[in-house]
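Following: one structure in structure tokens, then a few remarks.
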Amino acid sequence: MVTIKDIKQSFFIALWFMLLTFPIMVIKINPVRNAIDFRWDNLFIVGLAGFFASLLWTYFMRAKELRRKKKTGDDIPAVHRLLQNERFRLPFLCGVAIFFLIYPFIFDLYNTSIMISALIYVMLGLGLNIVVGLAGLLDLGYVAFYAVGAYAYALLHLHFGLSFWMVLPISMVLGAICGTILGYPVLRLRGDYLAIVTLGFGEIIRIILENWDEFSNGPRGIANIPAPGFFGMELSQAVTTDFLYYIVIGLVLMTIFFVHRLENSKIGRAWIALRDDEIACQAMGIDKFKTKLTAFALGATWASIGGVVFAAKTSYINPHSFTIWESIIILCVVVIGGMGSAIGVIAGALVLILLPEYLRQVEEYRMLVFGALMILVMVFKPEGLIQSVRKTYKFQK
């Protein structure tokens with residue numbers, strides 16, 4: 001499938017990459033000897049990698065085009081096929097359940113800690129999936145609701161001594177209220193305008209938290225936030241981490257259950273109809289404003305729960321923990337995982353959060369590798385890692 005023309009094109013692409021990366025990969029200033037070192041071996045590696053990467057890119061793009069032409073319409077992802085097969089569904093789910101149950105016993109404290117972070121992003125992704133994936137509303141200020149939950153726990157414990165278990169339901173109510181307050185004035189907008197307004201709302205919340213010292217302690221943040229307790233028992237750091245891990249597992253299972261039930265409910269079908277065709281949805285008698293408002297409120301609820309768990313895990317929060325980049329990462333989880341697909345969002349969160357941690361071995365190049373992998377996913381799997389599959393009904397005579 002690769003021709004002589006492709007080889008020539010890859011050669012010139014490799015030369016172009018060598019020229020572009022020359023100042024970064026080759027030139028190194030040595031302040032000790034007050035001299036410049038030229039690393040010519042790096043230039044050779046870049047050229048070789050660029051040449052073969054270009055050939056592989058050409059090969060896979062042509063293979064993708066051939067698959068697109070041969071597509072029959074029955075392109076259900078393998079995971080959905082496995083879950084639809086009654087013979088393999090139970091063993092597969094049991095295997096996944098056993099793996100996550102014994103995870104803290106087979107991995108060290110560091111791996112358990114980063115898995116907790118990944119599971120928090122699973123909750124956040126599933127919450128944003130309601131807004132973006134099901135209702136089709138682009139929300140770039142989702143991190144604001146995340147901050148509401150974290151600061152709710154920190155401030156309620158600081159001033160009133162409330163525990164994690166008491167703040168958890170309170171944060172759900174606060175998240176729903178904040179989602180409703182934001183949604184009421186802005187949901188008459190759509191598309192890019194809605195994204196810009198929600199982006200502004202997220203930044204407003206962060207700036208308020210950073211400058212209102214009397215309320216949020218400003219940029220100094222709030223420290224000594226306690227982890228969840230177990231009937232007042234004193235727990236070691238390792239036991240506390242394992243306990244928090246199982247709490248997050250329970251919250252993730254609860255999130256999956258509720259999101260699945262919502263997706264197949266009357267309001268879930270209204271969200272999907274609103275996403276596909278807003279005018280037709282309104283013509284069928286669905287109140288689009290209330291439908292959008294419900295999506296915002298429910299999405300904010302799960303973000304607030306995630307914020308409480310995040311504050312309990314880190315024991316310290318400040319406004320810099322809730323920047324626009326957090327919203328972008330959560331949005332990437334939904335888009336790369338598969339918009340509208342709960343299984344895809346779970347896969348996207350695990351990949352996007354765990355992969356950078358395990359790429360620390362390549363040091364300063366890890367984010368470059370991570371970005372390249374994201375580009376590959378979006379080029380070759382634009383529908384996401386695991387695309388959503390609409391439920392179909394078959395009638396037998």
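Ligands are numbered from 1 in the order shown, residues from 1 within each chain, and chains are lettered A, B, ... in the order they appear in the structure tokens.
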As a compact mmCIF listing (two decimals) with C-alpha atoms, in the first residue's frame, list the residues of range 20-115 of chain A assigned to alpha helix (DSSP H) by DSSP on the backbone atoms of this structure.
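Listing of out-v6.txt after writing:
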# COMPACT_ATOMS: atom_id res chain seq x y z
CA LEU A 20 11.97 22.42 13.09
CA THR A 21 13.37 20.54 16.08
CA TRP A 40 23.78 15.38 16.53
CA ASP A 41 22.57 11.91 17.52
CA ASN A 42 19.24 13.46 18.55
CA LEU A 43 18.86 14.97 15.08
CA PHE A 44 19.38 11.55 13.50
CA ILE A 45 16.80 9.98 15.84
CA VAL A 46 14.25 12.70 15.03
CA GLY A 47 14.75 12.23 11.29
CA LEU A 48 14.45 8.45 11.52
CA ALA A 49 11.37 8.65 13.75
CA GLY A 50 9.74 11.25 11.49
CA PHE A 51 10.37 9.15 8.37
CA PHE A 52 8.84 5.95 9.75
CA ALA A 53 6.03 7.82 11.54
CA SER A 54 5.05 9.44 8.22
CA LEU A 55 5.02 6.05 6.48
CA LEU A 56 2.88 4.53 9.23
CA TRP A 57 0.54 7.53 9.13
CA THR A 58 0.05 7.10 5.38
CA TYR A 59 -0.53 3.36 5.75
CA PHE A 60 -3.11 3.68 8.53
CA MET A 61 -4.95 6.55 6.84
CA ARG A 62 -5.39 4.43 3.70
CA ALA A 63 -6.44 1.45 5.80
CA LYS A 64 -9.00 3.67 7.54
CA GLU A 65 -10.36 4.82 4.17
CA LEU A 66 -10.70 1.22 2.99
CA ARG A 67 -12.55 0.25 6.17
CA ARG A 68 -14.87 3.20 5.72
CA LYS A 69 -15.74 2.07 2.21
CA LYS A 70 -16.31 -1.52 3.32
CA ALA A 78 -16.45 -5.01 20.77
CA VAL A 79 -17.21 -4.03 24.38
CA HIS A 80 -20.90 -3.53 23.59
CA ARG A 81 -20.98 -6.84 21.72
CA LEU A 82 -19.45 -8.52 24.76
CA LEU A 83 -21.99 -6.97 27.13
CA GLN A 84 -24.86 -7.91 24.84
CA GLU A 86 -25.38 -13.24 27.74
CA ARG A 87 -22.77 -16.01 27.69
CA PHE A 88 -19.78 -13.70 28.24
CA ARG A 89 -21.42 -10.75 30.03
CA LEU A 90 -21.39 -12.19 33.56
CA PRO A 91 -17.77 -13.51 33.47
CA PHE A 92 -16.55 -10.20 32.01
CA LEU A 93 -18.30 -8.10 34.66
CA CYS A 94 -17.16 -10.45 37.43
CA GLY A 95 -13.56 -10.18 36.22
CA VAL A 96 -13.71 -6.38 36.20
CA ALA A 97 -15.32 -6.34 39.67
CA ILE A 98 -12.69 -8.69 41.14
CA PHE A 99 -9.85 -6.63 39.62
CA PHE A 100 -11.07 -3.37 41.17
CA LEU A 101 -11.88 -5.03 44.51
CA ILE A 102 -8.39 -6.48 44.97
CA TYR A 103 -6.58 -3.53 43.37
CA PRO A 104 -5.26 -2.03 46.67
CA PHE A 105 -3.91 -5.44 47.69
CA ILE A 106 -1.88 -6.06 44.52
CA LEU A 109 0.01 3.11 47.83
CA TYR A 110 1.08 5.33 44.90
CA ASN A 111 -0.88 3.31 42.34
CA THR A 112 -3.94 3.24 44.59
CA SER A 113 -3.74 7.03 44.98
CA ILE A 114 -3.62 7.72 41.25
CA MET A 115 -6.43 5.22 40.69
Near Ala152 in chain A, within 12 Å and counting only C-alpha atoms, which residues show up once chain neighbours fewer than 6 positions away are dropped, as a VMD selection string?
chain A and resid 145 to 146 158 to 164 166 to 175 209 215 to 216 222 225 304 to 312 317
Separation of CA of Ala238 in chain A and CA of Thr314 in chain A, in Å?
13.9 Å
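Among A:Trp325, A:Tyr246, A:Trp271, A:Trp212, the residue with the shortest atom-to-atom distance to Lys290 in chain A, counting only C-alpha atoms, is A:Trp271.
The nearest approach to Leu137 in chain A among the residues A:Ile204, A:Leu293, A:Val345, A:Ile24, with only C-alpha atoms taken into account, belongs to A:Leu293.
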Excluding same-chain residues fewer than 6 positions from Gly125 in chain A, what lies within 12 Å of it counting only C-alpha atoms, as a PDB file with N, CA and C atoms, in the first residue's frame?
ATOM      1  N   ALA A 118      -8.175   8.858  39.109  1.00  0.00           N
ATOM      2  CA  ALA A 118      -8.819   8.451  37.864  1.00  0.00           C
ATOM      3  C   ALA A 118     -10.311   8.190  38.076  1.00  0.00           C
ATOM      4  N   LEU A 119     -10.663   7.578  39.192  1.00  0.00           N
ATOM      5  CA  LEU A 119     -12.072   7.290  39.468  1.00  0.00           C
ATOM      6  C   LEU A 119     -12.854   8.572  39.747  1.00  0.00           C
ATOM      7  N   VAL A 131     -24.403  16.552  30.303  1.00  0.00           N
ATOM      8  CA  VAL A 131     -24.557  17.886  29.720  1.00  0.00           C
ATOM      9  C   VAL A 131     -24.119  17.909  28.256  1.00  0.00           C
ATOM     10  N   VAL A 132     -22.923  17.364  27.985  1.00  0.00           N
ATOM     11  CA  VAL A 132     -22.337  17.451  26.646  1.00  0.00           C
ATOM     12  C   VAL A 132     -22.759  16.277  25.773  1.00  0.00           C
ATOM     13  N   GLY A 133     -22.629  15.061  26.299  1.00  0.00           N
ATOM     14  CA  GLY A 133     -22.867  13.870  25.484  1.00  0.00           C
ATOM     15  C   GLY A 133     -24.321  13.594  25.204  1.00  0.00           C
ATOM     16  N   TYR A 142     -17.350  23.682  33.726  1.00  0.00           N
ATOM     17  CA  TYR A 142     -17.754  22.576  34.604  1.00  0.00           C
ATOM     18  C   TYR A 142     -16.924  22.520  35.877  1.00  0.00           C
ATOM     19  N   VAL A 143     -15.688  23.031  35.818  1.00  0.00           N
ATOM     20  CA  VAL A 143     -14.810  22.988  36.978  1.00  0.00           C
ATOM     21  C   VAL A 143     -15.354  23.847  38.121  1.00  0.00           C
ATOM     22  N   TYR A 146     -17.177  21.647  40.400  1.00  0.00           N
ATOM     23  CA  TYR A 146     -16.155  20.840  41.072  1.00  0.00           C
ATOM     24  C   TYR A 146     -15.614  21.613  42.275  1.00  0.00           C
ATOM     25  N   VAL A 252     -18.714   5.710  42.284  1.00  0.00           N
ATOM     26  CA  VAL A 252     -18.689   5.499  40.838  1.00  0.00           C
ATOM     27  C   VAL A 252     -19.805   4.543  40.422  1.00  0.00           C
ATOM     28  N   THR A 255     -22.970   6.395  40.517  1.00  0.00           N
ATOM     29  CA  THR A 255     -23.044   7.305  39.367  1.00  0.00           C
ATOM     30  C   THR A 255     -23.425   6.558  38.101  1.00  0.00           C
ATOM     31  N   ILE A 256     -22.779   5.408  37.869  1.00  0.00           N
ATOM     32  CA  ILE A 256     -23.089   4.606  36.676  1.00  0.00           C
ATOM     33  C   ILE A 256     -24.541   4.175  36.682  1.00  0.00           C
ATOM     34  N   VAL A 259     -26.797   7.348  36.061  1.00  0.00           N
ATOM     35  CA  VAL A 259     -26.659   7.855  34.695  1.00  0.00           C
ATOM     36  C   VAL A 259     -27.304   6.901  33.700  1.00  0.00           C
ATOM     37  N   GLY A 299     -25.790  17.389  36.047  1.00  0.00           N
ATOM     38  CA  GLY A 299     -24.353  17.351  35.794  1.00  0.00           C
ATOM     39  C   GLY A 299     -23.571  18.034  36.903  1.00  0.00           C
ATOM     40  N   ALA A 300     -24.066  19.173  37.393  1.00  0.00           N
ATOM     41  CA  ALA A 300     -23.395  19.892  38.479  1.00  0.00           C
ATOM     42  C   ALA A 300     -23.414  19.094  39.772  1.00  0.00           C
ATOM     43  N   TRP A 302     -23.041  15.807  40.175  1.00  0.00           N
ATOM     44  CA  TRP A 302     -21.944  14.843  40.204  1.00  0.00           C
ATOM     45  C   TRP A 302     -20.599  15.535  40.288  1.00  0.00           C
ATOM     46  N   ALA A 303     -20.472  16.721  39.704  1.00  0.00           N
ATOM     47  CA  ALA A 303     -19.224  17.473  39.823  1.00  0.00           C
ATOM     48  C   ALA A 303     -18.982  17.869  41.275  1.00  0.00           C
ATOM     49  N   GLY A 306     -17.705  14.912  43.217  1.00  0.00           N
ATOM     50  CA  GLY A 306     -16.290  14.723  42.910  1.00  0.00           C
ATOM     51  C   GLY A 306     -15.409  15.717  43.636  1.00  0.00           C
ATOM     52  N   GLU A 326      -8.674  22.188  34.084  1.00  0.00           N
ATOM     53  CA  GLU A 326      -9.430  21.067  34.644  1.00  0.00           C
ATOM     54  C   GLU A 326     -10.692  20.815  33.822  1.00  0.00           C
ATOM     55  N   SER A 327     -11.378  21.885  33.434  1.00  0.00           N
ATOM     56  CA  SER A 327     -12.563  21.737  32.575  1.00  0.00           C
ATOM     57  C   SER A 327     -12.199  21.102  31.243  1.00  0.00           C
ATOM     58  N   ILE A 328     -11.047  21.513  30.688  1.00  0.00           N
ATOM     59  CA  ILE A 328     -10.616  20.964  29.400  1.00  0.00           C
ATOM     60  C   ILE A 328     -10.300  19.482  29.520  1.00  0.00           C
ATOM     61  N   ILE A 329      -9.640  19.084  30.617  1.00  0.00           N
ATOM     62  CA  ILE A 329      -9.318  17.668  30.804  1.00  0.00           C
ATOM     63  C   ILE A 329     -10.593  16.844  30.926  1.00  0.00           C
ATOM     64  N   ILE A 330     -11.559  17.345  31.684  1.00  0.00           N
ATOM     65  CA  ILE A 330     -12.821  16.607  31.843  1.00  0.00           C
ATOM     66  C   ILE A 330     -13.547  16.519  30.503  1.00  0.00           C
ATOM     67  N   LEU A 331     -13.509  17.606  29.723  1.00  0.00           N
ATOM     68  CA  LEU A 331     -14.134  17.579  28.406  1.00  0.00           C
ATOM     69  C   LEU A 331     -13.418  16.586  27.491  1.00  0.00           C
ATOM     70  N   CYS A 332     -12.084  16.531  27.585  1.00  0.00           N
ATOM     71  CA  CYS A 332     -11.323  15.550  26.793  1.00  0.00           C
ATOM     72  C   CYS A 332     -11.703  14.125  27.176  1.00  0.00           C
ATOM     73  N   VAL A 333     -11.947  13.890  28.448  1.00  0.00           N
ATOM     74  CA  VAL A 333     -12.379  12.560  28.903  1.00  0.00           C
ATOM     75  C   VAL A 333     -13.653  12.145  28.183  1.00  0.00           C
ATOM     76  N   VAL A 334     -14.605  13.085  28.075  1.00  0.00           N
ATOM     77  CA  VAL A 334     -15.886  12.778  27.436  1.00  0.00           C
ATOM     78  C   VAL A 334     -15.716  12.593  25.931  1.00  0.00           C
ATOM     79  N   VAL A 335     -14.991  13.505  25.288  1.00  0.00           N
ATOM     80  CA  VAL A 335     -14.867  13.478  23.828  1.00  0.00           C
ATOM     81  C   VAL A 335     -14.036  12.289  23.366  1.00  0.00           C
ATOM     82  N   ILE A 336     -12.882  12.081  23.996  1.00  0.00           N
ATOM     83  CA  ILE A 336     -12.007  10.985  23.579  1.00  0.00           C
ATOM     84  C   ILE A 336     -12.595   9.637  23.990  1.00  0.00           C
ATOM     85  N   GLY A 337     -13.238   9.577  25.139  1.00  0.00           N
ATOM     86  CA  GLY A 337     -13.872   8.324  25.549  1.00  0.00           C
ATOM     87  C   GLY A 337     -15.028   7.944  24.641  1.00  0.00           C
ATOM     88  N   GLY A 338     -15.833   8.920  24.251  1.00  0.00           N
ATOM     89  CA  GLY A 338     -16.995   8.658  23.408  1.00  0.00           C
ATOM     90  C   GLY A 338     -18.202   9.402  23.931  1.00  0.00           C
ATOM     91  N   MET A 339     -18.591  10.470  23.251  1.00  0.00           N
ATOM     92  CA  MET A 339     -19.704  11.294  23.724  1.00  0.00           C
ATOM     93  C   MET A 339     -20.993  10.493  23.758  1.00  0.00           C
ATOM     94  N   GLY A 340     -21.664  10.553  24.905  1.00  0.00           N
ATOM     95  CA  GLY A 340     -22.919   9.826  25.069  1.00  0.00           C
ATOM     96  C   GLY A 340     -22.750   8.389  25.500  1.00  0.00           C
ATOM     97  N   SER A 341     -21.522   7.905  25.608  1.00  0.00           N
ATOM     98  CA  SER A 341     -21.257   6.512  25.967  1.00  0.00           C
ATOM     99  C   SER A 341     -20.679   6.459  27.375  1.00  0.00           C
ATOM    100  N   ALA A 342     -21.406   5.850  28.308  1.00  0.00           N
ATOM    101  CA  ALA A 342     -20.926   5.745  29.682  1.00  0.00           C
ATOM    102  C   ALA A 342     -19.666   4.881  29.754  1.00  0.00           C
ATOM    103  N   ILE A 343     -19.641   3.778  29.007  1.00  0.00           N
ATOM    104  CA  ILE A 343     -18.468   2.904  29.000  1.00  0.00           C
ATOM    105  C   ILE A 343     -17.276   3.645  28.402  1.00  0.00           C
ATOM    106  N   GLY A 344     -17.514   4.419  27.351  1.00  0.00           N
ATOM    107  CA  GLY A 344     -16.445   5.194  26.731  1.00  0.00           C
ATOM    108  C   GLY A 344     -15.879   6.238  27.674  1.00  0.00           C
ATOM    109  N   VAL A 345     -16.738   6.904  28.441  1.00  0.00           N
ATOM    110  CA  VAL A 345     -16.270   7.914  29.392  1.00  0.00           C
ATOM    111  C   VAL A 345     -15.392   7.272  30.463  1.00  0.00           C
ATOM    112  N   ILE A 346     -15.787   6.103  30.938  1.00  0.00           N
ATOM    113  CA  ILE A 346     -14.978   5.390  31.938  1.00  0.00           C
ATOM    114  C   ILE A 346     -13.609   5.056  31.352  1.00  0.00           C
ATOM    115  N   ALA A 347     -13.594   4.528  30.134  1.00  0.00           N
ATOM    116  CA  ALA A 347     -12.320   4.198  29.479  1.00  0.00           C
ATOM    117  C   ALA A 347     -11.486   5.456  29.255  1.00  0.00           C
ATOM    118  N   GLY A 348     -12.129   6.537  28.803  1.00  0.00           N
ATOM    119  CA  GLY A 348     -11.413   7.788  28.561  1.00  0.00           C
ATOM    120  C   GLY A 348     -10.782   8.349  29.820  1.00  0.00           C
ATOM    121  N   ALA A 349     -11.503   8.291  30.953  1.00  0.00           N
ATOM    122  CA  ALA A 349     -10.961   8.800  32.215  1.00  0.00           C
ATOM    123  C   ALA A 349      -9.765   7.979  32.670  1.00  0.00           C
ATOM    124  N   LEU A 350      -9.873   6.659  32.574  1.00  0.00           N
ATOM    125  CA  LEU A 350      -8.768   5.802  33.002  1.00  0.00           C
ATOM    126  C   LEU A 350      -7.528   6.026  32.134  1.00  0.00           C
ATOM    127  N   LEU A 352      -6.799   8.834  30.147  1.00  0.00           N
ATOM    128  CA  LEU A 352      -6.274  10.196  30.192  1.00  0.00           C
ATOM    129  C   LEU A 352      -5.652  10.555  31.533  1.00  0.00           C
ATOM    130  N   ILE A 353      -6.086   9.922  32.607  1.00  0.00           N
ATOM    131  CA  ILE A 353      -5.531  10.252  33.921  1.00  0.00           C
ATOM    132  C   ILE A 353      -4.372   9.329  34.289  1.00  0.00           C
TER     133      ILE A 353
END
From the set A:Leu134, A:Gly141, A:Leu244, A:Tyr316, which residue has the shortest atom-to-atom contact distance to Ala195 in chain A, counting only C-alpha atoms?
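Looking only at the distances to Ala195 in chain A, the closest residue turns out to be A:Gly141.
Compared by their closest atoms to Tyr121 in chain A, and using only C-alpha atoms, the residues A:Pro228, A:Val379, A:Ile249, A:Arg275 rank with A:Ile249 nearest.
For the pair CA of Phe257 in chain A and CA of Gln387 in chain A, the interatomic distance is 18.9 Å.
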If you measure from CA of Thr301 in chain A to CA of Ala176 in chain A, what distance in Å do you get, rounded to one decimal?
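These atoms are spaced 5.1 Å apart.
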